[in-house]
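Single-structure report; data block below.
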Amino acid sequence: MPRINKLTLLPKVPLLITESADEFDALRDAFEREIKPRGIVEQMYVRDISSIVWEILRLRRCKVVIINAAFRSALQELLVQVLRQPGQSRYDVEHDAQALALAWFTDQEAKKQVSEILSQFKLDEFAIEAQAIRSSSADLELLDRLLTSLESRRDKALGCVAEYRASLAHQLRESADRFVDGKGLHRLEDAASKRSTAA
Amino acid sequence: MASERQIAANRRNARKSTGPRSGAGRKRASRNAYRHGLTLSVASSAAVAKQLDKLVRKIAGDTDDPIILERARETAQAELDLARVRRAKVALIERASAFGELDPPQLFGTVTQIIRAIHALERGRISSLPEPINSSATMPPQEPYRLAEAVRRVLPELRKLDRYEHRAAVRRDQAVRALSVESV
(Lines give C-alpha, C1' and ligand atoms only; values in the text may rest on other atoms or scores of the structure.)
Protein backbone atom coordinates (compact mmCIF):
# COMPACT_ATOMS: atom_id res chain seq x y z
CA MET A 1 0.00 0.00 0.00
CA PRO A 2 1.57 3.35 -1.02
CA ARG A 3 2.28 5.87 1.71
CA ILE A 4 -0.08 8.81 1.80
CA ASN A 5 1.83 12.06 1.87
CA LYS A 6 -0.69 14.50 3.24
CA LEU A 7 1.62 17.50 2.96
CA THR A 8 3.77 16.98 -0.10
CA LEU A 9 5.67 20.17 0.67
CA LEU A 10 7.27 18.67 3.75
CA PRO A 11 10.02 16.14 3.08
CA LYS A 12 9.07 12.48 3.58
CA VAL A 13 10.45 10.89 6.72
CA PRO A 14 12.95 8.26 5.54
CA LEU A 15 12.49 4.71 6.83
CA LEU A 16 14.67 1.63 6.67
CA ILE A 17 13.62 -1.00 4.14
CA THR A 18 12.87 -3.41 6.96
CA GLU A 19 10.53 -0.89 8.65
CA SER A 20 6.81 -0.65 8.03
CA ALA A 21 5.59 2.58 6.47
CA ASP A 22 2.06 1.81 7.69
CA GLU A 23 3.27 1.58 11.28
CA PHE A 24 5.05 4.89 10.93
CA ASP A 25 1.94 6.52 9.43
CA ALA A 26 -0.12 5.13 12.32
CA LEU A 27 2.30 6.65 14.82
CA ARG A 28 2.24 10.02 13.03
CA ASP A 29 -1.58 9.95 12.83
CA ALA A 30 -1.73 9.25 16.57
CA PHE A 31 0.41 12.34 17.23
CA GLU A 32 -1.72 14.38 14.84
CA ARG A 33 -4.85 13.33 16.72
CA GLU A 34 -3.26 14.34 20.02
CA ILE A 35 -1.62 17.60 18.99
CA LYS A 36 -4.17 18.66 16.34
CA PRO A 37 -1.68 20.72 14.36
CA ARG A 38 -2.87 23.97 12.83
CA GLY A 39 -0.79 25.35 9.98
CA ILE A 40 2.38 24.21 8.33
CA VAL A 41 4.70 25.08 11.24
CA GLU A 42 2.78 22.87 13.67
CA GLN A 43 2.61 20.13 11.00
CA MET A 44 6.38 20.39 10.74
CA TYR A 45 6.76 19.83 14.45
CA VAL A 46 4.36 16.87 14.47
CA ARG A 47 6.43 15.21 11.74
CA ASP A 48 9.59 15.99 13.64
CA ILE A 49 8.22 14.49 16.86
CA SER A 50 6.95 11.37 15.04
CA SER A 51 10.29 10.92 13.34
CA ILE A 52 12.21 11.32 16.60
CA VAL A 53 9.93 8.89 18.47
CA TRP A 54 10.29 6.40 15.60
CA GLU A 55 14.08 6.64 15.85
CA ILE A 56 13.97 6.28 19.64
CA LEU A 57 11.94 3.07 19.23
CA ARG A 58 14.39 1.82 16.60
CA LEU A 59 17.41 2.45 18.84
CA ARG A 60 15.71 0.93 21.91
CA ARG A 61 14.99 -2.23 19.93
CA CYS A 62 18.62 -2.30 18.80
CA LYS A 63 19.79 -1.91 22.39
CA VAL A 64 17.86 -4.99 23.50
CA VAL A 65 19.07 -6.99 20.50
CA ILE A 66 22.70 -5.99 21.09
CA ILE A 67 22.46 -7.27 24.68
CA ASN A 68 20.72 -10.47 23.55
CA ALA A 69 23.33 -11.04 20.85
CA ALA A 70 26.07 -10.82 23.46
CA PHE A 71 24.40 -13.49 25.64
CA ARG A 72 26.22 -16.51 24.20
CA SER A 73 29.71 -15.12 24.56
CA ALA A 74 28.75 -13.72 27.98
CA LEU A 75 27.58 -17.12 29.17
CA GLN A 76 30.70 -18.77 27.78
CA GLU A 77 32.90 -16.24 29.57
CA LEU A 78 31.02 -16.78 32.82
CA LEU A 79 31.22 -20.57 32.51
CA VAL A 80 34.96 -20.43 31.88
CA GLN A 81 35.29 -18.49 35.12
CA VAL A 82 33.15 -20.83 37.24
CA LEU A 83 34.27 -24.14 35.73
CA ARG A 84 37.97 -23.42 36.12
CA GLN A 85 39.53 -25.36 39.00
CA PRO A 86 42.66 -24.16 40.79
CA GLY A 87 45.69 -24.97 38.65
CA GLN A 88 43.69 -25.12 35.40
CA SER A 89 44.11 -22.64 32.59
CA ARG A 90 41.13 -21.17 30.72
CA TYR A 91 41.97 -23.34 27.71
CA ASP A 92 41.31 -26.48 29.79
CA VAL A 93 37.65 -25.58 30.27
CA GLU A 94 36.98 -23.41 27.21
CA HIS A 95 35.72 -26.25 25.03
CA ASP A 96 33.19 -27.45 27.66
CA ALA A 97 32.07 -23.88 28.33
CA GLN A 98 31.55 -23.26 24.63
CA ALA A 99 29.47 -26.42 24.15
CA LEU A 100 27.36 -25.73 27.23
CA ALA A 101 26.80 -22.09 26.24
CA LEU A 102 25.63 -23.18 22.80
CA ALA A 103 23.30 -25.86 24.19
CA TRP A 104 21.81 -23.44 26.75
CA PHE A 105 19.69 -21.80 24.03
CA THR A 106 18.02 -24.99 22.79
CA ASP A 107 18.43 -27.74 25.37
CA GLN A 108 16.44 -27.62 28.64
CA GLU A 109 18.87 -30.06 30.26
CA ALA A 110 21.80 -27.80 29.46
CA LYS A 111 19.86 -24.84 30.85
CA LYS A 112 19.26 -26.74 34.07
CA GLN A 113 22.92 -27.73 34.26
CA VAL A 114 24.04 -24.12 33.80
CA SER A 115 21.63 -23.00 36.53
CA GLU A 116 23.08 -25.60 38.91
CA ILE A 117 26.67 -24.60 38.13
CA LEU A 118 25.86 -20.92 38.61
CA SER A 119 23.90 -21.52 41.82
CA GLN A 120 27.01 -23.10 43.38
CA PHE A 121 28.44 -19.61 43.32
CA LYS A 122 25.14 -17.95 44.28
CA LEU A 123 24.72 -16.69 40.73
CA ASP A 124 21.68 -16.84 38.45
CA GLU A 125 20.69 -15.81 34.90
CA PHE A 126 21.05 -12.14 35.81
CA ALA A 127 24.79 -12.76 36.03
CA ILE A 128 24.75 -13.73 32.34
CA GLU A 129 22.79 -10.59 31.48
CA ALA A 130 25.19 -8.47 33.52
CA GLN A 131 28.16 -9.95 31.65
CA ALA A 132 26.38 -9.37 28.31
CA ILE A 133 25.78 -5.72 29.24
CA ARG A 134 29.37 -5.41 30.42
CA SER A 135 30.81 -6.80 27.19
CA SER A 136 28.71 -4.46 25.04
CA SER A 137 29.00 -1.45 27.34
CA ALA A 138 30.95 0.70 24.83
CA ASP A 139 28.19 0.33 22.23
CA LEU A 140 25.43 0.70 24.80
CA GLU A 141 26.99 3.92 26.06
CA LEU A 142 27.00 5.41 22.56
CA LEU A 143 23.42 4.25 22.02
CA ASP A 144 22.39 5.82 25.32
CA ARG A 145 23.94 9.13 24.31
CA LEU A 146 22.02 9.05 21.05
CA LEU A 147 18.81 8.18 22.90
CA THR A 148 19.32 10.97 25.45
CA SER A 149 19.91 13.45 22.67
CA LEU A 150 16.78 12.29 20.79
CA GLU A 151 14.62 12.36 23.92
CA SER A 152 15.74 15.87 24.75
CA ARG A 153 15.03 16.98 21.16
CA ARG A 154 11.57 15.38 21.29
CA ASP A 155 10.76 17.26 24.51
CA LYS A 156 12.05 20.51 23.02
CA ALA A 157 9.91 20.02 19.91
CA LEU A 158 6.83 19.44 22.08
CA GLY A 159 7.69 22.57 24.06
CA CYS A 160 8.14 24.53 20.83
CA VAL A 161 4.64 23.60 19.61
CA ALA A 162 3.19 24.84 22.90
CA GLU A 163 5.33 27.99 22.81
CA TYR A 164 4.42 28.73 19.19
CA ARG A 165 0.73 28.31 19.96
CA ALA A 166 0.91 30.40 23.12
CA SER A 167 2.80 33.15 21.32
CA LEU A 168 0.30 33.22 18.44
CA ALA A 169 -2.63 33.19 20.89
CA HIS A 170 -1.06 36.04 22.88
CA GLN A 171 -0.50 38.13 19.78
CA LEU A 172 -3.99 37.42 18.46
CA ARG A 173 -5.39 38.50 21.84
CA GLU A 174 -3.35 41.70 21.68
CA SER A 175 -4.59 42.52 18.18
CA ALA A 176 -8.16 41.73 19.22
CA ASP A 177 -7.72 44.12 22.18
CA ARG A 178 -6.42 46.81 19.84
CA PHE A 179 -9.52 46.42 17.70
CA VAL A 180 -11.76 46.57 20.77
CA ASP A 181 -9.96 49.74 21.94
CA GLY A 182 -10.53 51.27 18.53
CA LYS A 183 -6.85 51.54 17.58
CA GLY A 184 -7.23 48.76 15.05
CA LEU A 185 -10.30 50.42 13.59
CA HIS A 186 -8.36 53.67 13.02
CA ARG A 187 -5.72 51.70 11.21
CA LEU A 188 -8.34 49.98 9.06
CA GLU A 189 -9.98 53.33 8.31
CA ASP A 190 -6.60 54.82 7.38
CA ALA A 191 -5.85 51.91 5.08
CA ALA A 192 -9.32 52.18 3.48
CA SER A 193 -8.96 55.94 2.88
CA LYS A 194 -5.49 55.40 1.37
CA ARG A 195 -6.91 52.80 -0.97
CA SER A 196 -9.75 55.09 -2.08
CA THR A 197 -7.38 58.04 -2.76
CA ALA A 198 -5.05 55.78 -4.70
CA ALA A 199 -8.00 54.55 -6.81
CA MET B 1 56.30 43.00 15.06
CA ALA B 2 58.43 39.86 14.95
CA SER B 3 62.21 40.34 14.97
CA GLU B 4 64.59 38.80 12.41
CA ARG B 5 65.52 36.12 14.95
CA GLN B 6 61.87 35.31 15.64
CA ILE B 7 61.10 35.08 11.92
CA ALA B 8 64.06 32.73 11.43
CA ALA B 9 62.94 30.61 14.40
CA ASN B 10 59.39 30.47 13.02
CA ARG B 11 60.70 29.31 9.65
CA ARG B 12 62.88 26.66 11.30
CA ASN B 13 59.94 25.41 13.35
CA ALA B 14 57.64 25.43 10.34
CA ARG B 15 60.06 23.17 8.47
CA LYS B 16 59.72 20.64 11.29
CA SER B 17 55.93 20.55 10.87
CA THR B 18 55.63 18.53 7.71
CA GLY B 19 52.46 16.71 8.65
CA PRO B 20 51.97 13.04 9.40
CA ARG B 21 54.82 10.69 8.47
CA SER B 22 53.39 7.21 8.93
CA GLY B 23 51.31 5.64 6.20
CA ALA B 24 48.25 5.43 8.44
CA GLY B 25 48.67 9.08 9.49
CA ARG B 26 48.97 10.25 5.88
CA LYS B 27 45.94 8.20 4.89
CA ARG B 28 43.93 9.73 7.71
CA ALA B 29 45.09 13.26 6.88
CA SER B 30 44.21 12.74 3.20
CA ARG B 31 40.57 12.47 4.28
CA ASN B 32 40.62 15.65 6.37
CA ALA B 33 38.80 17.69 3.78
CA TYR B 34 36.28 14.96 3.13
CA ARG B 35 33.16 14.92 5.25
CA HIS B 36 29.62 14.29 4.23
CA GLY B 37 28.47 17.50 2.59
CA LEU B 38 25.92 18.21 5.30
CA THR B 39 27.25 21.72 5.84
CA LEU B 40 26.41 22.62 2.25
CA SER B 41 23.37 24.84 1.79
CA VAL B 42 20.23 22.87 1.01
CA ALA B 43 19.49 25.21 -1.87
CA SER B 44 22.60 23.94 -3.69
CA SER B 45 20.49 21.68 -5.91
CA ALA B 46 17.86 23.16 -8.21
CA ALA B 47 15.09 20.73 -7.23
CA VAL B 48 15.63 21.37 -3.54
CA ALA B 49 15.77 25.13 -4.14
CA LYS B 50 12.33 24.89 -5.75
CA GLN B 51 10.99 22.84 -2.85
CA LEU B 52 12.52 25.38 -0.46
CA ASP B 53 10.78 28.30 -2.21
CA LYS B 54 7.41 26.52 -2.05
CA LEU B 55 7.86 25.75 1.63
CA VAL B 56 8.89 29.35 2.37
CA ARG B 57 5.74 30.61 0.64
CA LYS B 58 3.58 28.16 2.60
CA ILE B 59 5.14 29.12 5.94
CA ALA B 60 5.05 32.87 5.29
CA GLY B 61 1.48 32.86 3.93
CA ASP B 62 0.40 35.64 1.57
CA THR B 63 2.62 38.32 3.07
CA ASP B 64 5.25 40.36 1.24
CA ASP B 65 6.94 41.46 4.45
CA PRO B 66 10.65 40.82 3.80
CA ILE B 67 11.37 40.08 7.48
CA ILE B 68 8.66 37.42 7.68
CA LEU B 69 9.84 35.97 4.36
CA GLU B 70 13.39 35.81 5.68
CA ARG B 71 12.29 34.08 8.90
CA ALA B 72 10.20 31.65 6.87
CA ARG B 73 13.23 30.91 4.67
CA GLU B 74 15.38 30.19 7.74
CA THR B 75 12.69 27.86 9.10
CA ALA B 76 12.29 26.03 5.79
CA GLN B 77 16.02 25.73 5.27
CA ALA B 78 16.52 24.23 8.73
CA GLU B 79 13.61 21.84 8.11
CA LEU B 80 15.16 20.60 4.86
CA ASP B 81 18.54 20.30 6.61
CA LEU B 82 16.92 18.08 9.21
CA ALA B 83 15.39 15.93 6.49
CA ARG B 84 18.78 15.61 4.81
CA VAL B 85 20.53 14.48 7.99
CA ARG B 86 17.78 11.91 8.60
CA ARG B 87 18.16 10.55 5.08
CA ALA B 88 21.92 10.29 5.65
CA LYS B 89 21.38 8.35 8.89
CA VAL B 90 19.05 5.85 7.25
CA ALA B 91 21.38 5.48 4.25
CA LEU B 92 24.35 4.74 6.53
CA ILE B 93 22.46 2.01 8.40
CA GLU B 94 21.21 0.49 5.12
CA ARG B 95 24.75 0.47 3.72
CA ALA B 96 26.22 -1.15 6.82
CA SER B 97 23.42 -3.72 6.74
CA ALA B 98 24.12 -4.55 3.09
CA PHE B 99 27.94 -4.52 3.08
CA GLY B 100 28.85 -5.02 6.72
CA GLU B 101 30.81 -1.77 6.87
CA LEU B 102 30.96 1.69 5.31
CA ASP B 103 34.38 1.52 3.66
CA PRO B 104 35.28 -1.29 1.26
CA PRO B 105 37.54 -3.87 2.92
CA GLN B 106 41.21 -3.18 2.29
CA LEU B 107 43.90 -5.76 2.18
CA PHE B 108 46.71 -3.40 3.11
CA GLY B 109 46.73 -0.38 5.38
CA THR B 110 49.98 1.15 4.14
CA VAL B 111 52.27 1.22 1.10
CA THR B 112 54.96 -0.56 3.15
CA GLN B 113 52.61 -3.51 3.67
CA ILE B 114 51.99 -3.69 -0.09
CA ILE B 115 55.74 -3.68 -0.80
CA ARG B 116 56.32 -6.40 1.80
CA ALA B 117 53.56 -8.55 0.30
CA ILE B 118 55.04 -8.14 -3.23
CA HIS B 119 58.50 -9.10 -1.94
CA ALA B 120 57.06 -12.15 -0.17
CA LEU B 121 55.27 -13.12 -3.38
CA GLU B 122 58.45 -12.69 -5.47
CA ARG B 123 60.54 -14.75 -3.06
CA GLY B 124 57.95 -17.51 -3.04
CA ARG B 125 57.18 -17.19 0.66
CA ILE B 126 53.49 -16.86 -0.20
CA SER B 127 51.79 -18.31 -3.26
CA SER B 128 49.09 -15.62 -3.61
CA LEU B 129 47.90 -12.46 -1.92
CA PRO B 130 45.42 -13.06 0.92
CA GLU B 131 41.76 -12.34 0.24
CA PRO B 132 40.29 -9.30 2.04
CA ILE B 133 37.79 -10.15 4.75
CA ASN B 134 34.25 -10.05 3.41
CA SER B 135 32.52 -7.87 6.01
CA SER B 136 29.01 -8.70 4.86
CA ALA B 137 29.72 -12.35 5.68
CA THR B 138 30.26 -11.34 9.30
CA MET B 139 26.75 -9.85 9.51
CA PRO B 140 23.97 -11.88 11.15
CA PRO B 141 21.65 -13.15 8.39
CA GLN B 142 18.37 -12.61 10.26
CA GLU B 143 16.45 -9.58 11.42
CA PRO B 144 16.40 -7.92 13.93
CA TYR B 145 19.99 -9.03 14.60
CA ARG B 146 21.22 -7.74 11.25
CA LEU B 147 19.78 -4.27 11.79
CA ALA B 148 21.12 -4.09 15.35
CA GLU B 149 24.57 -5.12 14.14
CA ALA B 150 24.45 -2.55 11.33
CA VAL B 151 23.46 0.18 13.81
CA ARG B 152 26.22 -0.97 16.17
CA ARG B 153 28.83 -0.72 13.41
CA VAL B 154 27.87 2.83 12.42
CA LEU B 155 27.31 4.21 15.93
CA PRO B 156 30.25 6.69 15.79
CA GLU B 157 28.94 8.08 12.47
CA LEU B 158 25.39 8.27 13.82
CA ARG B 159 26.69 10.24 16.77
CA LYS B 160 28.37 12.76 14.44
CA LEU B 161 25.20 13.11 12.38
CA ASP B 162 23.21 13.56 15.58
CA ARG B 163 25.21 16.74 16.27
CA TYR B 164 24.29 18.12 12.85
CA GLU B 165 20.67 17.21 13.43
CA HIS B 166 20.73 18.93 16.80
CA ARG B 167 22.14 22.13 15.30
CA ALA B 168 19.57 22.13 12.49
CA ALA B 169 16.77 21.65 15.04
CA VAL B 170 18.06 24.57 17.15
CA ARG B 171 18.23 26.77 14.02
CA ARG B 172 14.67 25.83 13.09
CA ASP B 173 13.32 26.49 16.61
CA GLN B 174 15.00 29.90 16.73
CA ALA B 175 13.62 30.79 13.30
CA VAL B 176 10.09 29.68 14.27
CA ARG B 177 10.29 31.76 17.47
CA ALA B 178 11.38 34.80 15.50
CA LEU B 179 8.68 34.11 12.91
CA SER B 180 5.90 33.95 15.49
CA VAL B 181 7.06 37.31 16.92
CA GLU B 182 7.00 38.94 13.47
CA SER B 183 3.85 37.28 12.15
CA VAL B 184 0.99 39.09 13.87
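Following the order of the C-alpha coordinates, first chain is A, next is B, and so on, with residues numbered from 1 inside each chain and ligands from 1 in the order they appear.
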
Residues of chain A within 9 Å of chain B, counting only C-alpha atoms, as a PyMOL selection string = chain A and resi 9-18+39-41+44+48+51+59+61-66+69+139-140+142-143+145-146+149-150+153+156-157+160+163-165+167-168+171-172+175

Contacts of segment 113-119 of chain B at 12 Å or less, counting only C-alpha atoms, minus same-chain residues fewer than 4 places along, as a VMD selection string?
-> chain B and resid 22 to 24 106 to 109 123 to 130

Near segment 25-33 of chain A, counting only C-alpha atoms, which residues have an atom at most 10 Å away, once you skip same-chain residues fewer than 4 positions from it, shown as a ChimeraX atom specification?
-> /A:3-5,13,20-21,37-38,42-43,46-51,53-54

To one decimal place, how far is atom CA of Glu125 of chain A from atom CA of Arg90 of chain A in Å?
->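 Answer for the atom CA of Glu125 of chain A to atom CA of Arg90 of chain A separation: 21.5 Å.
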
Helix (DSSP H, G or I) call set, DSSP backbone run, segment 33-113 of chain A, as a VMD selection string = chain A and resid 33 to 35 39 to 69 71 to 83 90 to 103 108 to 113
